[in-house]
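protein39.pdb (PDB, C-alpha atoms) appears below.
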ATOM      1  CA  MET A   1       0.000   0.000   0.000
ATOM      2  CA  LYS A   2       1.360   3.433  -0.926
ATOM      3  CA  SER A   3       1.413   5.750   2.073
ATOM      4  CA  ALA A   4       1.969   9.397   2.826
ATOM      5  CA  VAL A   5       2.862  11.222   6.043
ATOM      6  CA  ILE A   6       1.818  14.869   6.223
ATOM      7  CA  VAL A   7       4.427  17.239   7.641
ATOM      8  CA  PHE A   8       3.420  20.540   9.258
ATOM      9  CA  PRO A   9       5.688  23.149  10.784
ATOM     10  CA  GLY A  10       6.028  21.778  14.312
ATOM     11  CA  SER A  11       5.298  18.117  13.527
ATOM     12  CA  ASN A  12       7.697  16.006  15.583
ATOM     13  CA  CYS A  13       6.458  12.429  15.176
ATOM     14  CA  ASP A  14       6.641  12.462  11.396
ATOM     15  CA  ARG A  15       9.824  10.393  11.299
ATOM     16  CA  ASP A  16       8.459   7.887  13.824
ATOM     17  CA  ALA A  17       5.395   7.553  11.583
ATOM     18  CA  HIS A  18       7.662   7.134   8.551
ATOM     19  CA  ASP A  19       9.687   4.400  10.274
ATOM     20  CA  ALA A  20       6.625   2.524  11.538
ATOM     21  CA  ILE A  21       5.069   2.462   8.072
ATOM     22  CA  GLU A  22       8.327   1.454   6.407
ATOM     23  CA  ARG A  23       8.902  -1.300   8.938
ATOM     24  CA  VAL A  24       5.481  -2.850   8.396
ATOM     25  CA  THR A  25       5.158  -2.372   4.641
ATOM     26  CA  GLY A  26       8.801  -2.500   3.559
ATOM     27  CA  ARG A  27       8.082   0.682   1.648
ATOM     28  CA  ALA A  28       8.881   4.191   2.827
ATOM     29  CA  PRO A  29       5.942   6.617   2.777
ATOM     30  CA  ASP A  30       6.069   9.888   0.879
ATOM     31  CA  MET A  31       6.591  12.833   3.194
ATOM     32  CA  VAL A  32       4.113  15.504   2.093
ATOM     33  CA  TRP A  33       4.604  19.154   3.056
ATOM     34  CA  HIS A  34       1.482  20.951   4.307
ATOM     35  CA  GLN A  35       1.721  23.606   1.607
ATOM     36  CA  ASP A  36       1.292  21.035  -1.150
ATOM     37  CA  THR A  37      -2.199  20.944  -2.554
ATOM     38  CA  ALA A  38      -2.335  17.325  -3.722
ATOM     39  CA  LEU A  39      -1.335  13.916  -2.393
ATOM     40  CA  PRO A  40       1.220  11.981  -4.479
ATOM     41  CA  GLU A  41      -0.347   9.956  -7.290
ATOM     42  CA  GLY A  42      -1.575   6.587  -6.054
ATOM     43  CA  THR A  43      -1.512   7.401  -2.320
ATOM     44  CA  GLU A  44      -3.775   5.126  -0.305
ATOM     45  CA  PHE A  45      -2.964   5.418   3.414
ATOM     46  CA  VAL A  46      -2.419   8.901   4.900
ATOM     47  CA  MET A  47      -1.001   9.438   8.365
ATOM     48  CA  ILE A  48      -1.178  12.776  10.161
ATOM     49  CA  PRO A  49       1.531  12.637  12.798
ATOM     50  CA  GLY A  50       1.886  14.079  16.262
ATOM     51  CA  GLY A  51       3.669  17.254  17.236
ATOM     52  CA  PHE A  52       2.828  20.884  17.802
ATOM     53  CA  SER A  53       1.730  22.169  14.419
ATOM     54  CA  TYR A  54       1.830  25.971  14.331
ATOM     55  CA  GLY A  55       3.006  25.945  17.939
ATOM     56  CA  ASP A  56      -0.477  24.897  19.106
ATOM     57  CA  TYR A  57      -1.457  28.556  18.647
ATOM     58  CA  LEU A  58      -5.158  29.484  18.755
ATOM     59  CA  ARG A  59      -6.272  25.873  19.374
ATOM     60  CA  CYS A  60      -4.265  22.684  18.886
ATOM     61  CA  GLY A  61      -4.557  21.629  15.259
ATOM     62  CA  SER A  62      -6.730  24.581  14.260
ATOM     63  CA  MET A  63      -4.398  26.205  11.779
ATOM     64  CA  ALA A  64      -3.066  22.944  10.399
ATOM     65  CA  SER A  65      -6.633  21.885   9.679
ATOM     66  CA  ARG A  66      -6.997  24.916   7.366
ATOM     67  CA  SER A  67      -3.681  24.464   5.552
ATOM     68  CA  ASN A  68      -3.275  23.948   1.807
ATOM     69  CA  ILE A  69      -3.058  20.155   1.895
ATOM     70  CA  MET A  70      -6.283  19.685   3.861
ATOM     71  CA  PRO A  71      -8.808  19.906   0.999
ATOM     72  CA  ALA A  72      -6.945  17.007  -0.665
ATOM     73  CA  ILE A  73      -7.073  15.026   2.591
ATOM     74  CA  ILE A  74     -10.775  15.755   3.059
ATOM     75  CA  SER A  75     -11.586  14.493  -0.435
ATOM     76  CA  HIS A  76      -9.260  11.514   0.100
ATOM     77  CA  ALA A  77     -11.291  10.711   3.230
ATOM     78  CA  ALA A  78     -14.529  11.039   1.255
ATOM     79  CA  SER A  79     -13.212   8.477  -1.246
ATOM     80  CA  GLY A  80     -13.029   5.927   1.593
ATOM     81  CA  ALA A  81      -9.237   5.782   1.855
ATOM     82  CA  PRO A  82      -7.715   5.098   5.295
ATOM     83  CA  ILE A  83      -6.494   8.090   7.290
ATOM     84  CA  LEU A  84      -4.922   7.917  10.740
ATOM     85  CA  GLY A  85      -4.262  10.910  12.978
ATOM     86  CA  VAL A  86      -2.176  10.448  16.095
ATOM     87  CA  CYS A  87      -2.052  12.993  18.922
ATOM     88  CA  ASN A  88      -1.779  16.361  17.139
ATOM     89  CA  GLY A  89      -3.015  14.450  14.079
ATOM     90  CA  PHE A  90      -6.162  13.534  16.039
ATOM     91  CA  GLN A  91      -6.610  17.194  16.998
ATOM     92  CA  ILE A  92      -6.243  18.173  13.325
ATOM     93  CA  LEU A  93      -8.877  15.604  12.295
ATOM     94  CA  THR A  94     -11.404  16.887  14.847
ATOM     95  CA  GLU A  95     -10.643  20.504  13.922
ATOM     96  CA  SER A  96     -11.269  19.668  10.263
ATOM     97  CA  GLN A  97     -14.516  17.936  11.308
ATOM     98  CA  LEU A  98     -13.472  14.631   9.784
ATOM     99  CA  LEU A  99     -13.991  13.258  13.293
ATOM    100  CA  PRO A 100     -16.554  14.257  15.924
ATOM    101  CA  GLY A 101     -15.702  16.054  19.171
ATOM    102  CA  ALA A 102     -12.836  18.259  20.285
ATOM    103  CA  LEU A 103      -9.656  17.826  22.326
ATOM    104  CA  MET A 104      -9.242  20.218  25.209
ATOM    105  CA  ARG A 105      -6.579  20.952  27.813
ATOM    106  CA  ASN A 106      -5.920  17.982  30.134
ATOM    107  CA  ALA A 107      -8.107  18.185  33.213
ATOM    108  CA  GLY A 108      -5.028  18.191  35.478
ATOM    109  CA  LEU A 109      -3.451  20.907  33.280
ATOM    110  CA  HIS A 110      -0.159  18.990  33.082
ATOM    111  CA  PHE A 111       1.593  17.730  30.004
ATOM    112  CA  ILE A 112       1.525  13.957  30.459
ATOM    113  CA  CYS A 113       4.199  11.675  29.033
ATOM    114  CA  GLU A 114       3.924   8.058  30.158
ATOM    115  CA  LYS A 115       3.092   4.521  29.155
ATOM    116  CA  SER A 116      -0.655   4.292  29.274
ATOM    117  CA  PRO A 117      -2.882   1.244  29.582
ATOM    118  CA  LEU A 118      -5.219   1.213  26.619
ATOM    119  CA  ILE A 119      -8.259  -0.938  25.882
ATOM    120  CA  VAL A 120      -9.271  -1.902  22.361
ATOM    121  CA  GLU A 121     -13.026  -1.271  22.436
ATOM    122  CA  ASN A 122     -13.681  -2.090  18.819
ATOM    123  CA  GLY A 123     -11.483  -4.743  17.214
ATOM    124  CA  ASN A 124     -13.577  -4.847  14.067
ATOM    125  CA  THR A 125     -12.098  -1.809  12.344
ATOM    126  CA  ARG A 126      -9.515  -1.821   9.589
ATOM    127  CA  PHE A 127      -7.140  -0.222  12.116
ATOM    128  CA  THR A 128      -7.580  -2.789  14.879
ATOM    129  CA  SER A 129      -8.426  -6.151  13.301
ATOM    130  CA  ALA A 130      -4.975  -7.610  14.034
ATOM    131  CA  TYR A 131      -5.511  -7.177  17.782
ATOM    132  CA  ALA A 132      -7.912 -10.130  17.543
ATOM    133  CA  GLU A 133      -8.738 -11.124  21.110
ATOM    134  CA  ARG A 134      -5.980  -8.983  22.629
ATOM    135  CA  ARG A 135      -7.719  -6.086  24.255
ATOM    136  CA  ASP A 136      -5.299  -4.690  26.846
ATOM    137  CA  LEU A 137      -2.374  -2.743  25.475
ATOM    138  CA  ILE A 138       0.338  -0.453  26.755
ATOM    139  CA  ILE A 139       0.907   2.480  24.399
ATOM    140  CA  PRO A 140       2.768   5.708  25.236
ATOM    141  CA  ILE A 141       0.924   8.998  25.517
ATOM    142  CA  ALA A 142       2.542  12.449  25.348
ATOM    143  CA  HIS A 143       0.142  15.363  25.271
ATOM    144  CA  HIS A 144      -1.153  18.500  26.936
ATOM    145  CA  ASP A 145      -4.520  18.631  25.187
ATOM    146  CA  GLY A 146      -6.014  15.162  25.039
ATOM    147  CA  ASN A 147      -9.180  15.714  27.009
ATOM    148  CA  TYR A 148     -11.836  14.461  24.589
ATOM    149  CA  ASN A 149     -15.068  16.417  24.693
ATOM    150  CA  ALA A 150     -18.355  16.229  22.838
ATOM    151  CA  ASP A 151     -21.972  16.838  23.790
ATOM    152  CA  GLU A 152     -23.916  13.950  25.325
ATOM    153  CA  ASN A 153     -25.897  13.260  22.147
ATOM    154  CA  THR A 154     -22.712  12.916  20.139
ATOM    155  CA  LEU A 155     -21.146  10.696  22.802
ATOM    156  CA  ASP A 156     -24.235   8.465  22.850
ATOM    157  CA  ARG A 157     -24.258   8.311  19.082
ATOM    158  CA  ILE A 158     -20.593   7.365  18.649
ATOM    159  CA  GLU A 159     -20.866   4.903  21.516
ATOM    160  CA  GLY A 160     -23.887   3.260  19.869
ATOM    161  CA  ASN A 161     -22.155   3.118  16.493
ATOM    162  CA  GLY A 162     -19.018   1.471  17.873
ATOM    163  CA  GLN A 163     -17.014   4.557  16.909
ATOM    164  CA  ILE A 164     -15.136   4.567  20.217
ATOM    165  CA  VAL A 165     -12.187   2.423  19.208
ATOM    166  CA  PHE A 166      -9.866   2.932  22.185
ATOM    167  CA  ARG A 167     -10.456   3.788  25.822
ATOM    168  CA  TYR A 168      -7.886   4.547  28.492
ATOM    169  CA  GLY A 169      -7.467   1.866  31.122
ATOM    170  CA  ARG A 170      -6.692   4.697  33.559
ATOM    171  CA  ASN A 171      -8.059   8.041  32.419
ATOM    172  CA  PRO A 172      -5.072  10.414  32.393
ATOM    173  CA  ASN A 173      -6.652  13.625  31.122
ATOM    174  CA  GLY A 174     -10.353  13.862  31.957
ATOM    175  CA  SER A 175     -11.557  12.545  28.581
ATOM    176  CA  ALA A 176     -15.299  11.995  28.357
ATOM    177  CA  ARG A 177     -16.089   8.290  28.786
ATOM    178  CA  ASP A 178     -12.338   7.542  28.934
ATOM    179  CA  ILE A 179     -12.131   8.016  25.165
ATOM    180  CA  ALA A 180      -8.640   7.673  23.706
ATOM    181  CA  GLY A 181      -9.491   7.083  20.038
ATOM    182  CA  VAL A 182     -12.481   7.414  17.722
ATOM    183  CA  ILE A 183     -13.306   6.472  14.148
ATOM    184  CA  ASN A 184     -15.685   8.113  11.686
ATOM    185  CA  GLU A 185     -18.992   6.544  10.708
ATOM    186  CA  ASN A 186     -17.587   5.161   7.484
ATOM    187  CA  GLY A 187     -14.762   3.430   9.353
ATOM    188  CA  ASN A 188     -11.912   4.890   7.297
ATOM    189  CA  VAL A 189     -10.743   7.866   9.392
ATOM    190  CA  MET A 190      -9.402   7.241  12.887
ATOM    191  CA  GLY A 191      -7.814   9.535  15.459
ATOM    192  CA  MET A 192      -6.158   8.606  18.733
ATOM    193  CA  MET A 193      -4.099  10.408  21.367
ATOM    194  CA  PRO A 194      -1.767   7.483  22.252
ATOM    195  CA  HIS A 195       1.229   6.915  19.974
ATOM    196  CA  PRO A 196       1.232   3.447  18.362
ATOM    197  CA  GLU A 197       4.239   4.474  16.235
ATOM    198  CA  ARG A 198       6.254   4.767  19.450
ATOM    199  CA  ALA A 199       5.523   1.151  20.393
ATOM    200  CA  ILE A 200       6.738  -0.917  17.457
ATOM    201  CA  ASP A 201      10.152  -2.073  18.617
ATOM    202  CA  ALA A 202      11.334  -3.856  21.784
ATOM    203  CA  LYS A 203      13.792  -0.965  22.204
ATOM    204  CA  HIS A 204      10.822   1.366  22.570
ATOM    205  CA  GLY A 205       9.872  -0.636  25.637
ATOM    206  CA  GLY A 206       6.968  -2.368  23.930
ATOM    207  CA  THR A 207       5.538  -3.431  20.590
ATOM    208  CA  ASP A 208       1.807  -3.107  21.224
ATOM    209  CA  GLY A 209       1.467  -0.487  18.478
ATOM    210  CA  LEU A 210       2.658  -2.809  15.753
ATOM    211  CA  ALA A 211      -0.667  -4.613  15.303
ATOM    212  CA  LEU A 212      -2.379  -1.328  14.433
ATOM    213  CA  PHE A 213      -0.112  -0.828  11.436
ATOM    214  CA  GLU A 214      -0.369  -4.535  10.588
ATOM    215  CA  SER A 215      -4.172  -4.348  10.695
ATOM    216  CA  LEU A 216      -4.118  -1.607   8.124
ATOM    217  CA  LEU A 217      -1.095  -2.354   6.029
ATOM    218  CA  GLY A 218      -0.637  -6.113   6.349
ATOM    219  CA  ARG A 219       2.475  -7.800   7.642
ATOM    220  CA  ALA A 220       5.800  -7.189   5.922
TER     221      ALA A 220
ATOM    222  CA  MET B   1     -11.737  49.592  11.546
ATOM    223  CA  LYS B   2     -11.340  47.055  14.321
ATOM    224  CA  ALA B   3     -13.142  43.880  15.221
ATOM    225  CA  LYS B   4     -12.936  42.552  18.763
ATOM    226  CA  ILE B   5     -13.885  38.910  19.042
ATOM    227  CA  HIS B   6     -14.573  37.243  22.341
ATOM    228  CA  VAL B   7     -14.289  33.482  22.240
ATOM    229  CA  TYR B   8     -15.521  31.564  25.241
ATOM    230  CA  LEU B   9     -16.299  27.973  26.146
ATOM    231  CA  LYS B  10     -19.923  26.967  25.801
ATOM    232  CA  PRO B  11     -21.854  26.560  29.040
ATOM    233  CA  GLY B  12     -21.456  23.037  30.337
ATOM    234  CA  VAL B  13     -18.024  22.524  28.790
ATOM    235  CA  LEU B  14     -15.594  21.916  31.623
ATOM    236  CA  ASP B  15     -12.895  24.603  31.770
ATOM    237  CA  PRO B  16      -9.927  23.187  33.687
ATOM    238  CA  GLN B  17      -7.924  26.414  33.330
ATOM    239  CA  GLY B  18     -10.777  28.520  34.684
ATOM    240  CA  ALA B  19     -11.176  26.064  37.572
ATOM    241  CA  ALA B  20      -7.453  26.352  38.385
ATOM    242  CA  VAL B  21      -7.672  30.169  38.332
ATOM    243  CA  ALA B  22     -10.704  30.033  40.635
ATOM    244  CA  GLY B  23      -8.744  27.773  42.998
ATOM    245  CA  ALA B  24      -5.856  30.267  43.046
ATOM    246  CA  LEU B  25      -8.198  33.203  43.741
ATOM    247  CA  HIS B  26      -9.818  31.297  46.607
ATOM    248  CA  ASN B  27      -6.392  30.531  47.953
ATOM    249  CA  MET B  28      -5.614  34.268  47.917
ATOM    250  CA  GLY B  29      -8.671  34.983  49.990
ATOM    251  CA  TYR B  30     -11.141  35.968  47.263
ATOM    252  CA  GLY B  31     -13.822  33.589  48.451
ATOM    253  CA  GLU B  32     -16.568  35.562  46.702
ATOM    254  CA  VAL B  33     -15.471  34.140  43.327
ATOM    255  CA  SER B  34     -17.962  31.392  42.640
ATOM    256  CA  ALA B  35     -16.712  30.452  39.160
ATOM    257  CA  VAL B  36     -14.117  31.456  36.560
ATOM    258  CA  ARG B  37     -14.384  30.858  32.835
ATOM    259  CA  GLN B  38     -11.339  31.661  30.770
ATOM    260  CA  GLY B  39     -11.758  32.742  27.164
ATOM    261  CA  LYS B  40      -9.880  34.644  24.480
ATOM    262  CA  LEU B  41     -10.004  38.132  23.076
ATOM    263  CA  ILE B  42      -8.895  38.414  19.454
ATOM    264  CA  GLU B  43      -8.491  41.833  17.824
ATOM    265  CA  LEU B  44      -8.481  42.270  14.083
ATOM    266  CA  ASP B  45      -7.409  45.430  12.271
ATOM    267  CA  LEU B  46      -9.416  45.635   9.078
ATOM    268  CA  THR B  47      -9.196  47.695   5.901
ATOM    269  CA  GLY B  48     -12.338  49.155   4.319
ATOM    270  CA  ASP B  49     -15.114  51.227   5.892
ATOM    271  CA  ASP B  50     -18.339  49.240   5.462
ATOM    272  CA  ILE B  51     -18.905  47.985   9.007
ATOM    273  CA  GLU B  52     -21.840  45.736   8.196
ATOM    274  CA  ALA B  53     -20.077  44.029   5.285
ATOM    275  CA  ALA B  54     -17.009  43.607   7.491
ATOM    276  CA  ARG B  55     -19.083  42.069  10.273
ATOM    277  CA  VAL B  56     -20.366  39.408   7.876
ATOM    278  CA  ARG B  57     -16.798  38.534   6.883
ATOM    279  CA  VAL B  58     -15.610  38.470  10.508
ATOM    280  CA  ASP B  59     -18.501  36.206  11.423
ATOM    281  CA  GLU B  60     -17.321  33.833   8.681
ATOM    282  CA  MET B  61     -13.760  33.968  10.052
ATOM    283  CA  CYS B  62     -15.079  33.064  13.504
ATOM    284  CA  ALA B  63     -17.049  30.114  12.202
ATOM    285  CA  LYS B  64     -14.236  28.831   9.982
ATOM    286  CA  LEU B  65     -11.149  29.337  12.130
ATOM    287  CA  LEU B  66     -11.251  31.589  15.158
ATOM    288  CA  SER B  67     -13.641  29.438  17.194
ATOM    289  CA  ASN B  68     -14.395  25.734  17.339
ATOM    290  CA  PRO B  69     -18.188  25.329  17.258
ATOM    291  CA  VAL B  70     -17.968  21.998  19.092
ATOM    292  CA  ILE B  71     -16.833  23.639  22.326
ATOM    293  CA  GLU B  72     -16.837  27.422  21.861
ATOM    294  CA  SER B  73     -19.138  30.371  21.220
ATOM    295  CA  TYR B  74     -18.106  33.860  20.210
ATOM    296  CA  SER B  75     -19.330  37.426  20.050
ATOM    297  CA  ILE B  76     -18.147  40.226  17.783
ATOM    298  CA  GLU B  77     -17.777  43.934  18.540
ATOM    299  CA  MET B  78     -17.059  46.223  15.584
ATOM    300  CA  GLU B  79     -15.547  49.662  16.120
TER     301      GLU B  79
END
Please express the file's structure as C-alpha cells.
Amino acid sequence: MKSAVIVFPGSNCDRDAHDAIERVTGRAPDMVWHQDTALPEGTEFVMIPGGFSYGDYLRCGSMASRSNIMPAIISHAASGAPILGVCNGFQILTESQLLPGALMRNAGLHFICEKSPLIVENGNTRFTSAYAERRDLIIPIAHHDGNYNADENTLDRIEGNGQIVFRYGRNPNGSARDIAGVINENGNVMGMMPHPERAIDAKHGGTDGLALFESLLGRA
Amino acid sequence: MKAKIHVYLKPGVLDPQGAAVAGALHNMGYGEVSAVRQGKLIELDLTGDDIEAARVRVDEMCAKLLSNPVIESYSIEME
C-alpha cells in the first residue's frame, strides 16, 4: 500500500510515523509538506503525525486543519481511503470535522508523558483487526490537550455506532467516557491520542502499536 | 476599523484552566469568586469602511477558524 505522512511546521512524530510504516510495509511513505495541494499519485494510506503544528497557537490543530493540503485530505477521506491521525493528528482531524468532538486541555493541566494502559473497544475496524482477542495494550501517551469532549448526544451516538475504538485503562486527562481514540462513521478515518508508532520495537519498551499498522497495512 | 472577538467555552463545557484560576483566587482569599471561565479576546485590524459588510466577513472567520463550534461560542464587537 502506498502511504503518505503529512508534515506541518512543528510536527515532531513524522519520522516515527515514517519508520513505523516502512517497517510494516517494507516501503517508505512519501513525506508531504502541508503547503502542497495534492497527495502523491496513487496514495492510499495517509497518516497525520503528532507534534505541535503551528506551535499549538489558537487551538491545537486549528491552523493545520486549514492548511493547503487539507482539501486534498478531506476528499481523500470522502473516497473511503484510510487516514490515521495520532495525537496532534487527532486534533487536526477533529478541527477539520473529519472526526466528531474536540480535544481540550488535560483536566489536570499537566503535560503527560507516560506509558498508558489502553483498551481496544472495537477490534472490528480496519485499524484494529490484528488485535484479535488482545484487548489490553500499553501504548505511550505524550500530550497537553487530550481531554476528549463532545456533547452527550454525540457521545451516545458514537458509543452506539461502535465509533469509540480505544479507551484509556486509567483516564489520564479527563476525557469523556475515557475516550482515547475514535473512528468516523464510514470506518476509514481514525484519530487517537496514544502513539502506536512509538511502540513498534522492543527498544521502545513495547511493541503493542505494531498490530495497528499490521491491521491496516498487512504484515511485511 | 477594528473587530474585537470574544471566544468563550460553551456553558457546560468543563474549563480546567478557569477552575485552576478560581482555585488560586480562593487561595488568595477571594472567596466571593464562585466560578471562573477563561476565554480569548482576538483583535483584528481591518481595511475598508463598510462595518456591516465587514461584520459578515468576521462572522465567517469566527465560524471557519477563530472558534471551534464543538466547544466554543463567540461574540463580535465592531468599532
Just so the selection is clear, what residues does the PyMOL selection byres ((chain B) within 8 of (chain A)) cover here, as JSON, numbers by chain?
{"B": [13, 16, 17, 65, 66, 68, 70, 71]}
Using the selection just defined, write its residues with C-alpha atoms as a PDB file, keeping the file's coordinate frame.
ATOM      1  CA  VAL B  13     -18.024  22.524  28.790  1.00  0.00           C
ATOM      2  CA  PRO B  16      -9.927  23.187  33.687  1.00  0.00           C
ATOM      3  CA  GLN B  17      -7.924  26.414  33.330  1.00  0.00           C
ATOM      4  CA  LEU B  65     -11.149  29.337  12.130  1.00  0.00           C
ATOM      5  CA  LEU B  66     -11.251  31.589  15.158  1.00  0.00           C
ATOM      6  CA  ASN B  68     -14.395  25.734  17.339  1.00  0.00           C
ATOM      7  CA  VAL B  70     -17.968  21.998  19.092  1.00  0.00           C
ATOM      8  CA  ILE B  71     -16.833  23.639  22.326  1.00  0.00           C
TER       9      ILE B  71
END
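Of the listed residues A:Gly206, A:Gly191, A:Pro117, A:Gly160, the one whose atoms come nearest to Pro172 in chain A is A:Pro117, with distances taken using only C-alpha atoms.
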Excluding Cys62 in chain B and its own-chain neighbours fewer than 4 positions away, which residues fall within 12 Å of it when counting all atoms listed in the file? Please give them as a PyMOL selection string.
(chain A and resi 58+62) or (chain B and resi 3-8+41-44+55-58+66-69+72-76)
Might you spell out which residues the PyMOL selection byres ((chain A and resi 171) around 12) would select in the displayed file, as a PyMOL selection string?
chain A and resi 106-108+112+116-119+141+146-148+166-170+172-180+193-194
Distance of CA of Lys115 in chain A from CA of Gly218 in chain A, expressed in Å to one decimal place
25.4 Å
Could you list the residues chosen by the PyMOL selection byres ((chain B and resi 46) around 7) in this structure as number ranges by chain?
B: 1-2, 44-45, 47-48
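Ranking A:Leu39, A:Ala20, A:Val46, A:Met70 by their shortest atom-to-atom distance to Ala211 in chain A, with all atoms listed in the file included, puts A:Ala20 first.
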